[in-house]
Amino acid sequence: MRKRIIFLLLLLSAVAQLYAAKTAYAIWCSGNKTLYFTYSNASLAKGGTYEGQTITGLWSGDKVLRSGTSAPGWNMTVRETMERVVFAADFAEAKPASLRSWFYFCTRLTRIEGLDHLNTASVTNMQSTFDSCSALTQLDLSTFSTSNVTTMNSMFADCTQLASVRLDGFTTPKLESTFKMFANCVSLVSVDLSSFATSSVSSMGYMFSGCSALRTIGVSSKWRTDRAVGQEMFEGCFSLVGGAGTQFNASHVDIAYAHIDGGEANPGYLTGIEPSGIGETTERTGSRSGIAYDLRGMRVANPLHKLCIINGKKVAAGRNKK
């Protein structure tokens, strides 16, 4: 009888743990200089282990999901030593409200894994998310949902080695400010903003300032500057050429040239391209049948780790982003 009772108690304990409320964690492991994100019902603590590493820093709950207008705790304590970030698959269930300064001034950060597990559907603030990540060379944010984001100020500012950034599917109906968004991205050669809707944006100042290698900025008919102010928007963009051949002129660096190039009759620095016309992600990659294409119309051999089109639907690896 006693053994039976003990067995039942253990079983109840296991069931209780299984159905316990999940908590968002940011876990710092100094041994491998990695910051992990997970959404789990496990009981984690400093001194314990995660992924075989000793936990030396830990933030949980609202300190992860509701960091608000301040930099989160990990940014203020480990940003100078962080080299790698990993988002676990279960973090897709978490819904942070802000990404402000999540990786600000993480100058040694070279790898971010599992970005498709970062659910941004509820995020309103992306200010300085990757600001001054000077060791990052590429970012694929094509699975991000940005329909509630209002500010992207300095989002990639001073990412001096960033040569490639994918923003496919960035629908931005509530976006109000892109101040210094790409400022001093000196390695960036082209950027596709064709999914951006900017009719609500009021501030574009210094948006591309200092992007000395930037040659092409692609936008669509959704790009509007009616309400925006954009002082020094293209300052130092010496390589910039509009879609009709208009070349950079140091006398024209403000928002007046922030439109699709119309040639001599209406010179501008932007190149007109149209997005896929498909909005937010509609389903997971669970259904793998059919030929897959990326958002530029190129056939994809392995769609499991990309945002792509399968059977006419926009699909992201691992999770539904409705």
# chains A, B, ... in the order shown; residues from 1 in each chain; ligands from 1
>>> residues_around(residues="Cys159 (chain A)", least_positions_apart="2", cutoff="10 Å", atoms="only C-alpha atoms", output="JSON, numbers by chain")
{"A": [105, 107, 130, 131, 132, 133, 134, 135, 136, 137, 138, 154, 155, 156, 157, 161, 162, 163, 182, 183, 184, 185, 186, 187, 188]}
>>> select_by_dssp(residues="region 136-288 of chain A", states="strand (DSSP E or B)", output="PyMOL selection string")
chain A and resi 138-140+151+164-166+177+190-192+203+216-219+229+241+247+260+270-272+283-284
>>> residues_around(residues="Phe179 (chain A)", least_positions_apart="6", cutoff="6 Å", atoms="only C-alpha atoms", output="number ranges by chain")
A: 153, 203-205, 207
>>> atom_distance(atom1="CA of Lys95 (chain A)", atom2="CA of Phe144 (chain A)")
12.0 Å
>>> closest_residue(among="A:Leu193, A:Ile112, A:Val229, A:Ala265", to="Gly169 (chain A)", atoms="only C-alpha atoms")
A:Leu193
>>> residues_around(residues="Thr124 (chain A)", least_positions_apart="4", cutoff="7 Å", atoms="only C-alpha atoms", output="list of chain:residue names")
A:Ala97, A:Ser98, A:Asn148, A:Val149, A:Thr150
>>> residues_around(residues="Ile217 (chain A)", least_positions_apart="3", cutoff="10 Å", atoms="only C-alpha atoms", output="list in words")
Val189, Ser190, Val191, Asp192, Leu193, Ser194, Phe208, Leu214, Leu240, Val241, Gly242, Gly243, Ala258, His259, Ile260, Tyr269, Leu270, Thr271, Gly272 and Ile273 of chain A
>>> atom_distance(atom1="CA of Cys106 (chain A)", atom2="CA of Glu80 (chain A)")
5.7 Å
>>> residues_around(residues="Asn119 (chain A)", least_positions_apart="6", cutoff="9 Å", atoms="only C-alpha atoms", output="ChimeraX atom specification")
/A:91-96,143-145,319,321
>>> write_last_selection(atoms="C-alpha atoms", output="PDB file, in the first residue's frame")
ATOM      1  CA  PHE A  91      10.044  30.195 -27.186  1.00  0.00           C
ATOM      2  CA  ALA A  92       7.684  30.557 -30.146  1.00  0.00           C
ATOM      3  CA  GLU A  93       4.863  30.308 -27.588  1.00  0.00           C
ATOM      4  CA  ALA A  94       6.116  33.371 -25.734  1.00  0.00           C
ATOM      5  CA  LYS A  95       4.955  36.780 -26.919  1.00  0.00           C
ATOM      6  CA  PRO A  96       7.243  39.630 -25.867  1.00  0.00           C
ATOM      7  CA  THR A 143       9.674  35.429 -40.212  1.00  0.00           C
ATOM      8  CA  PHE A 144       9.097  38.506 -38.053  1.00  0.00           C
ATOM      9  CA  SER A 145       5.573  39.847 -37.704  1.00  0.00           C
ATOM     10  CA  ARG A 319       5.269  27.988 -36.330  1.00  0.00           C
ATOM     11  CA  LYS A 321       2.343  33.525 -37.325  1.00  0.00           C
TER      12      LYS A 321
END
>>> residues_around(residues="region 126-129 of chain A", least_positions_apart="6", cutoff="6 Å", atoms="only C-alpha atoms", output="ChimeraX atom specification")
/A:99-104,151-155
>>> write_last_selection(atoms="N, CA, C and O atoms", output="PDB file, in the first residue's frame")
ATOM      1  N   LEU A  99      11.080  44.593 -28.006  1.00  0.00           N
ATOM      2  CA  LEU A  99      12.434  44.101 -28.265  1.00  0.00           C
ATOM      3  C   LEU A  99      13.437  45.239 -28.115  1.00  0.00           C
ATOM      4  O   LEU A  99      14.574  45.145 -28.581  1.00  0.00           O
ATOM      5  N   ARG A 100      13.027  46.281 -27.433  1.00  0.00           N
ATOM      6  CA  ARG A 100      13.900  47.448 -27.323  1.00  0.00           C
ATOM      7  C   ARG A 100      15.228  47.090 -26.653  1.00  0.00           C
ATOM      8  O   ARG A 100      15.270  46.547 -25.555  1.00  0.00           O
ATOM      9  N   SER A 101      16.305  47.360 -27.357  1.00  0.00           N
ATOM     10  CA  SER A 101      17.678  47.199 -26.862  1.00  0.00           C
ATOM     11  C   SER A 101      18.006  45.774 -26.420  1.00  0.00           C
ATOM     12  O   SER A 101      18.914  45.567 -25.617  1.00  0.00           O
ATOM     13  N   TRP A 102      17.312  44.790 -26.973  1.00  0.00           N
ATOM     14  CA  TRP A 102      17.581  43.402 -26.567  1.00  0.00           C
ATOM     15  C   TRP A 102      19.042  43.024 -26.788  1.00  0.00           C
ATOM     16  O   TRP A 102      19.627  42.329 -25.971  1.00  0.00           O
ATOM     17  N   PHE A 103      19.615  43.482 -27.904  1.00  0.00           N
ATOM     18  CA  PHE A 103      20.999  43.122 -28.197  1.00  0.00           C
ATOM     19  C   PHE A 103      21.854  44.364 -28.448  1.00  0.00           C
ATOM     20  O   PHE A 103      22.875  44.307 -29.127  1.00  0.00           O
ATOM     21  N   TYR A 104      21.435  45.465 -27.876  1.00  0.00           N
ATOM     22  CA  TYR A 104      22.144  46.734 -28.040  1.00  0.00           C
ATOM     23  C   TYR A 104      23.593  46.630 -27.553  1.00  0.00           C
ATOM     24  O   TYR A 104      23.875  46.135 -26.471  1.00  0.00           O
ATOM     25  N   THR A 151       7.781  51.751 -33.613  1.00  0.00           N
ATOM     26  CA  THR A 151       9.095  52.379 -33.761  1.00  0.00           C
ATOM     27  C   THR A 151      10.175  51.367 -34.081  1.00  0.00           C
ATOM     28  O   THR A 151      10.234  50.283 -33.495  1.00  0.00           O
ATOM     29  N   MET A 152      11.019  51.736 -35.062  1.00  0.00           N
ATOM     30  CA  MET A 152      12.197  50.953 -35.421  1.00  0.00           C
ATOM     31  C   MET A 152      13.433  51.845 -35.369  1.00  0.00           C
ATOM     32  O   MET A 152      14.425  51.589 -36.055  1.00  0.00           O
ATOM     33  N   ASN A 153      13.392  52.858 -34.537  1.00  0.00           N
ATOM     34  CA  ASN A 153      14.524  53.770 -34.419  1.00  0.00           C
ATOM     35  C   ASN A 153      15.818  53.010 -34.122  1.00  0.00           C
ATOM     36  O   ASN A 153      15.862  52.161 -33.226  1.00  0.00           O
ATOM     37  N   SER A 154      16.862  53.315 -34.876  1.00  0.00           N
ATOM     38  CA  SER A 154      18.206  52.753 -34.645  1.00  0.00           C
ATOM     39  C   SER A 154      18.219  51.232 -34.570  1.00  0.00           C
ATOM     40  O   SER A 154      19.110  50.643 -33.952  1.00  0.00           O
ATOM     41  N   MET A 155      17.280  50.582 -35.210  1.00  0.00           N
ATOM     42  CA  MET A 155      17.163  49.131 -35.099  1.00  0.00           C
ATOM     43  C   MET A 155      18.444  48.411 -35.509  1.00  0.00           C
ATOM     44  O   MET A 155      18.846  47.430 -34.873  1.00  0.00           O
TER      45      MET A 155
END
>>> closest_residue(among="A:Ser200, A:Ser209, A:Thr160, A:Ser30", to="Leu175 (chain A)", atoms="only C-alpha atoms")
A:Ser200
>>> atom_distance(atom1="CA of Asp116 (chain A)", atom2="CA of Leu65 (chain A)")
16.8 Å
>>> closest_residue(among="A:Gly31, A:Ser70, A:Ala197, A:Val123", to="Gly52 (chain A)", atoms="only C-alpha atoms")
A:Gly31
